[in-house]
Amino acid sequence: MRSVRIGVDTGGTFTDVVAVDEQTGEIVTTKTPSTPANPADGFVAGIEKLGELDVGSVVHGTTVATNQLLEDRIADLGFITTEGFEFILEIARQSVPDGYGNSYFWVKPPRIVPVHLVKTVGGRLDHLGAEVRPFAEDQAVEVARWFRARGITAIGVCFLHSYANPEHERRMRDVLAREHPEAVVSISSDVLREYREYERSVTTLVDAAVKPAMRRYLANLSGRLGIPFSVMKSNGGVLSAREVVDQPITTVLSGPAAGALGAALIASTAGHPSVITLDGGGTSTDVAVVIDGEPSITTEGSVGRYPCKIPMIDIVTVGAGGGSIAWISPEGTLKVGPKSAGADPGPLCYGRGGTEVTVTDAHVFLGRIPPHLLGGEIPLDAGAARTGIEALADKLGLGAERTATGILEISAFNQSNAIRQLTVKRGLDVRDFPLVTFGGSGPLLACRLIDILGLPAVVVPPDPGNVSAFGLLTVDVKNDYVRTHVTRDLSLATAARIYGELEGEAAEALDREGFDDPVYARSADLRYYGQAYEVRVPAPAGPLDEDWRERVLQHFHDAHEKLYGYAYRADPRHQVEWVNLRVSGIGPITRPAIRRRPHQKVEAAAVRRQVHFDEPCDTPIHQRAALDPGAVVEGPAVIEEYGSTIPIHPGFTATVDEYGNVEVRRG
């Protein structure tokens with residue numbers, strides 16, 4: 001029996017599974033419909049589809065935490081903070097979201113914890129961690145009993161300046177464990193040991209909010225799977241499930257992070273080290289930028305309306321997937337998304353009780369996808385899609401073909417706007433980057449994105465619907481640690497001590513994961529004195545001396561100039577301020593090899609069907625498995641495979657490279 005490593009990515013519509021043979025490197029893929037009511041059902045069903053295997057390890061990308069936040073399913077959450085700071089969530093950051101001219105038209109959304117569930121405890125530390133007033137133990141006991149009496153079992157704790165000294169928070173946790181043992185507690189010095197009280201508070205509360213659901217889900221999955229498994233984290237690493245239950249916030253971008261990493265490896269192997277990645281699923285589209293083989297990392301991310309300052313791959317998500325619903329606004333205009341039909345009931349063409357037209361229905365109506373999905377496992381009802389499109393067209397006063405085309409056009413512009421957020425708004429020229437598109441619906445709009453954005457090419461990997469699951473098998477074990485240390489005159493001895501402590505914490509965690517030879521990646525957050533926000537730059541390994549300091553400062557000047565167009569390299573009036581010191585502890589794994597594709601000898605019957613592009617075309621249908629490396633397909637055409645479809649519009653050309661990727665270009 002073959003010994004395999006398995007990656008399982010649970011999406012909103014499908015659960016994707018990839019198995020890699022540890023001896024031969026052979027890759028096997030499959031998909032199964034997701035089960036939103038209990039994602040573990042789809043997970044187990046996907047593994048069972050692979051047949052009898054000797055499973056060596058499993059890595060999982062999950063959306064349990066993500067969906068809870070996106071759907072705002074947060075209740076019975078309490079908050080404990082320093083006396084006098086009970087309104088920190090109400091004050092928040094006085095910034096108005098994009099799309100509002102001024103604050104007069106904007107109403108603040110409800111806080112993650114309403115003010116009547118916020119309690120305070122006496123005691124005070126200064127910004128260096130020295131105790132100003134002692135921790136009020138009696139008051140802490142009263143607060144713990146107050147929450148217990150009201151049945152509040154998820155509690156976040158964030159005290160002022162606990163990033164400098166966690167003692168008071170740890171004492172509060174001990175009190176809660178003694179007085180309210182049923183409570184699930186998160187303390188900010190464990191979740192995010194970094195300054196800025198509001199962001200640290202919300203990040204801690206998000207961790208506490210998702211912890212009960214994640215613990216239930218992972219316990220259920222562990223019992224059914226019967227073997228230890230790992231979970232993908234937002235920072236581009238993995239961690240064992242037994243460790244993740246104590247830090248579930250690290251999984252809020254679990255699936256999208258895996259997709260970006262898998263696409264980065266595939267693109268780099270094919271000679272494209274810097275690309276844009278686009279993961280088009282059934283519910284949403286996730287976009288990331290990869291530069292020199294590494295996806296961009298941010299600590300300014302958010303999920304839904306909640307800021308999460310943990311390190312995560314810089315991903316923009318829009319509600320533009322195959323299941324995105326087309327609807328008419330009160331003004332009478334056509335809109336698409338962000339609401340999705342998901343996997344249940346799904347689009348009209350699924351025949352499972354869906355009642356609203358989706359992007360997938362538009363593709364079916366125009367003939368751009370076959371009358372079935374997953375090689376015939378999921379038949380599609382083209383008649384239901386046609387009936388829905390025609391009814392929507394009547395309401396709009398348009399023809400059915402024009403309505404379907406309009407749905408796809410709006411979806412393409414929604415995706416292109418997400419790409420612009422990560423390129424144009426970051427000072428990058430989108431025309432310099434090929435686009436790697438994957439996911440079940442990702443390749444469907446490839447040609448339109450080339451036209452809208454002026455992209456040089458779109459690369460579609462083999463088995464595009466399974467790239468996220470493949471990405472799960474390419475990532476190392478990784479933990480991130482941070483310590484705030486604000487100074488314009490960095491003491492190298494102090495920096496060495498802090499980095500040593502952070503590396504010690506990383507070593508302990510990696511030792512529990514079974515790594516005895518870890519790798520440490522240092523970085524630092526710096527800014528010019530007087531600025532409000534900082535820039536994260538790499539910090540070299542080795543001894544901390546003056547040469548080390550100068551190299552970090554040079555990295556900062558370079559990064560600042562690239563981001564903002566200017567730097568003060570030799571101007572003594574603008575001092576550099578150090579803010580945070582960071583360490584990533586990495587346990588390296590062996591990545592699956594991406595092999596050159598042998599010439600396929602798959603015979604495929606010549607098939608044609610009517611496909612509507614600018615006008616109806618009698619279009620050749622190609623099976624991807626029958627296309628040899630070097631094959632060229634001229635549009636109009638459609639390339640089909642088990643998990644996805646690539647429509648090639650008139651005026652475009654698709655070429656198969658030596659690794660089996662399809663490269664789509666204009667002309």
# chains A, B, ... in the order shown; residues from 1 in each chain; ligands from 1
$ residues_around --residues "region 123-130 of chain A" --least-positions-apart "4" --cutoff "6 Å" --atoms "only C-alpha atoms" --output "PyMOL selection string"
chain A and resi 134-136+161+164-165
$ residues_around --residues "Leu526 (chain A)" --least-positions-apart "4" --cutoff "6 Å" --atoms "only C-alpha atoms" --output "list in words"
Glu534, Val535, Glu577, Trp578 and Val579 of chain A
$ write_last_selection --atoms "N, CA, C and O atoms" --output "PDB file, in the first residue's frame"
ATOM      1  N   GLU A 534       4.509  51.864  10.499  1.00  0.00           N
ATOM      2  CA  GLU A 534       5.870  51.422  10.228  1.00  0.00           C
ATOM      3  C   GLU A 534       5.931  50.489   9.019  1.00  0.00           C
ATOM      4  O   GLU A 534       4.910  50.034   8.500  1.00  0.00           O
ATOM      5  N   VAL A 535       7.169  50.210   8.594  1.00  0.00           N
ATOM      6  CA  VAL A 535       7.437  49.328   7.459  1.00  0.00           C
ATOM      7  C   VAL A 535       8.211  48.122   7.985  1.00  0.00           C
ATOM      8  O   VAL A 535       9.194  48.273   8.709  1.00  0.00           O
ATOM      9  N   GLU A 577      13.031  55.318  13.694  1.00  0.00           N
ATOM     10  CA  GLU A 577      12.562  54.780  14.963  1.00  0.00           C
ATOM     11  C   GLU A 577      12.273  53.288  14.806  1.00  0.00           C
ATOM     12  O   GLU A 577      11.562  52.870  13.884  1.00  0.00           O
ATOM     13  N   TRP A 578      12.839  52.477  15.712  1.00  0.00           N
ATOM     14  CA  TRP A 578      12.559  51.048  15.753  1.00  0.00           C
ATOM     15  C   TRP A 578      11.276  50.854  16.564  1.00  0.00           C
ATOM     16  O   TRP A 578      11.087  51.483  17.606  1.00  0.00           O
ATOM     17  N   VAL A 579      10.385  49.974  16.105  1.00  0.00           N
ATOM     18  CA  VAL A 579       9.094  49.804  16.775  1.00  0.00           C
ATOM     19  C   VAL A 579       8.892  48.363  17.264  1.00  0.00           C
ATOM     20  O   VAL A 579       8.646  48.136  18.440  1.00  0.00           O
TER      21      VAL A 579
END
$ residues_around --residues "Tyr568 (chain A)" --least-positions-apart "5" --cutoff "9 Å" --atoms "only C-alpha atoms" --output "NGL selection string"
:A and (528 or 557 or 561 or 573-575)
$ write_last_selection --atoms "C-alpha atoms" --output "CSV table (one decimal), in the first residue's frame"
chain,number,residue,atom,x,y,z
A,528,TYR,CA,10.7,57.8,10.4
A,557,HIS,CA,15.2,53.2,3.4
A,561,GLU,CA,11.2,54.5,-1.1
A,573,ARG,CA,16.6,65.8,10.6
A,574,HIS,CA,14.6,62.5,10.0
A,575,GLN,CA,15.6,59.9,12.5
$ closest_residue --among "A:Gly585, A:Pro114, A:Pro248, A:Pro538" --to "Glu505 (chain A)" --atoms "only C-alpha atoms"
A:Gly585
$ residues_around --residues "Val664 (chain A)" --least-positions-apart "5" --cutoff "8 Å" --atoms "only C-alpha atoms" --output "PyMOL selection string"
chain A and resi 446-447+457-460+648+652-655
$ write_last_selection --atoms "N, CA and C atoms" --output "short mmCIF file (atom, residue, chain, number, x, y, z; two decimals), in the first residue's frame"
data_model
loop_
_atom_site.label_atom_id
_atom_site.label_comp_id
_atom_site.auth_asym_id
_atom_site.auth_seq_id
_atom_site.Cartn_x
_atom_site.Cartn_y
_atom_site.Cartn_z
N ALA A 446 -10.30 34.43 -17.72
CA ALA A 446 -8.90 34.76 -17.98
C ALA A 446 -8.75 35.77 -19.12
N CYS A 447 -9.43 35.53 -20.22
CA CYS A 447 -9.26 36.41 -21.39
C CYS A 447 -9.77 37.82 -21.11
N ALA A 457 0.08 37.88 -19.70
CA ALA A 457 -0.35 36.50 -19.91
C ALA A 457 -1.12 36.03 -18.70
N VAL A 458 -1.89 34.97 -18.89
CA VAL A 458 -2.52 34.25 -17.79
C VAL A 458 -2.04 32.81 -17.83
N VAL A 459 -1.56 32.32 -16.69
CA VAL A 459 -1.07 30.95 -16.58
C VAL A 459 -2.09 30.14 -15.79
N VAL A 460 -2.54 29.02 -16.37
CA VAL A 460 -3.49 28.13 -15.70
C VAL A 460 -2.77 26.82 -15.41
N ILE A 648 -11.31 30.06 -24.40
CA ILE A 648 -10.34 30.86 -25.15
C ILE A 648 -11.13 31.72 -26.13
N PHE A 652 -7.41 35.22 -29.02
CA PHE A 652 -6.47 34.76 -28.00
C PHE A 652 -5.87 33.42 -28.38
N THR A 653 -4.70 33.14 -27.82
CA THR A 653 -3.99 31.89 -28.08
C THR A 653 -3.59 31.24 -26.76
N ALA A 654 -3.77 29.93 -26.66
CA ALA A 654 -3.35 29.17 -25.48
C ALA A 654 -2.24 28.21 -25.89
N THR A 655 -1.14 28.20 -25.10
CA THR A 655 0.00 27.33 -25.37
C THR A 655 0.28 26.49 -24.13
#
$ residues_around --residues "Phe365 (chain A)" --least-positions-apart "2" --cutoff "7 Å" --atoms "only C-alpha atoms" --output "mmCIF file with N, CA and C atoms, in the first residue's frame"
data_model
loop_
_atom_site.group_PDB
_atom_site.id
_atom_site.type_symbol
_atom_site.label_atom_id
_atom_site.label_comp_id
_atom_site.auth_asym_id
_atom_site.auth_seq_id
_atom_site.Cartn_x
_atom_site.Cartn_y
_atom_site.Cartn_z
ATOM 1 N N ASP A 361 -24.457 29.969 -13.683
ATOM 2 C CA ASP A 361 -25.601 29.858 -14.602
ATOM 3 C C ASP A 361 -25.350 30.632 -15.885
ATOM 4 N N ALA A 362 -24.709 31.794 -15.784
ATOM 5 C CA ALA A 362 -24.398 32.582 -16.984
ATOM 6 C C ALA A 362 -23.412 31.833 -17.875
ATOM 7 N N HIS A 363 -22.395 31.205 -17.281
ATOM 8 C CA HIS A 363 -21.439 30.417 -18.072
ATOM 9 C C HIS A 363 -22.131 29.246 -18.762
ATOM 10 N N GLY A 367 -22.727 28.503 -22.849
ATOM 11 C CA GLY A 367 -22.037 27.330 -23.374
ATOM 12 C C GLY A 367 -20.561 27.271 -23.037
ATOM 13 N N ALA A 382 -29.056 22.773 -17.792
ATOM 14 C CA ALA A 382 -28.937 23.972 -18.630
ATOM 15 C C ALA A 382 -30.294 24.657 -18.804
ATOM 16 N N ALA A 385 -30.911 27.005 -15.910
ATOM 17 C CA ALA A 385 -30.098 28.211 -16.054
ATOM 18 C C ALA A 385 -30.718 29.144 -17.082
ATOM 19 N N ARG A 386 -31.182 28.583 -18.209
ATOM 20 C CA ARG A 386 -31.790 29.408 -19.262
ATOM 21 C C ARG A 386 -33.051 30.093 -18.749
#
$ residues_around --residues "region 50-56 of chain A" --least-positions-apart "4" --cutoff "10 Å" --atoms "only C-alpha atoms" --output "PyMOL selection string"
chain A and resi 1-6+17-22+28-31+45-46+227-229
$ residues_around --residues "Val318 (chain A)" --least-positions-apart "5" --cutoff "7 Å" --atoms "only C-alpha atoms" --output "JSON list (two decimals) with all heavy atoms, in the first residue's frame"
[["chain", "number", "residue", "atom", "x", "y", "z"],
["A", 284, "SER", "N", -16.05, 33.12, -3.43],
["A", 284, "SER", "CA", -15.25, 34.34, -3.47],
["A", 284, "SER", "C", -14.05, 34.16, -4.38],
["A", 284, "SER", "O", -13.75, 33.07, -4.86],
["A", 284, "SER", "CB", -14.77, 34.70, -2.05],
["A", 284, "SER", "OG", -13.93, 33.67, -1.54],
["A", 285, "THR", "N", -13.35, 35.27, -4.61],
["A", 285, "THR", "CA", -12.09, 35.27, -5.34],
["A", 285, "THR", "C", -11.03, 35.89, -4.44],
["A", 285, "THR", "O", -11.24, 36.97, -3.87],
["A", 285, "THR", "CB", -12.21, 36.09, -6.64],
["A", 285, "THR", "OG1", -13.10, 35.40, -7.53],
["A", 285, "THR", "CG2", -10.86, 36.25, -7.32],
["A", 286, "ASP", "N", -9.89, 35.20, -4.30],
["A", 286, "ASP", "CA", -8.80, 35.65, -3.44],
["A", 286, "ASP", "C", -7.60, 36.00, -4.31],
["A", 286, "ASP", "O", -7.17, 35.18, -5.13],
["A", 286, "ASP", "CB", -8.41, 34.56, -2.44],
["A", 286, "ASP", "CG", -9.60, 34.09, -1.63],
["A", 286, "ASP", "OD1", -10.27, 34.95, -1.02],
["A", 286, "ASP", "OD2", -9.88, 32.88, -1.62],
["A", 418, "ALA", "N", -10.06, 43.92, -7.38],
["A", 418, "ALA", "CA", -9.27, 43.30, -6.31],
["A", 418, "ALA", "C", -7.80, 43.26, -6.69],
["A", 418, "ALA", "O", -6.92, 43.51, -5.86],
["A", 418, "ALA", "CB", -9.80, 41.89, -6.04]]
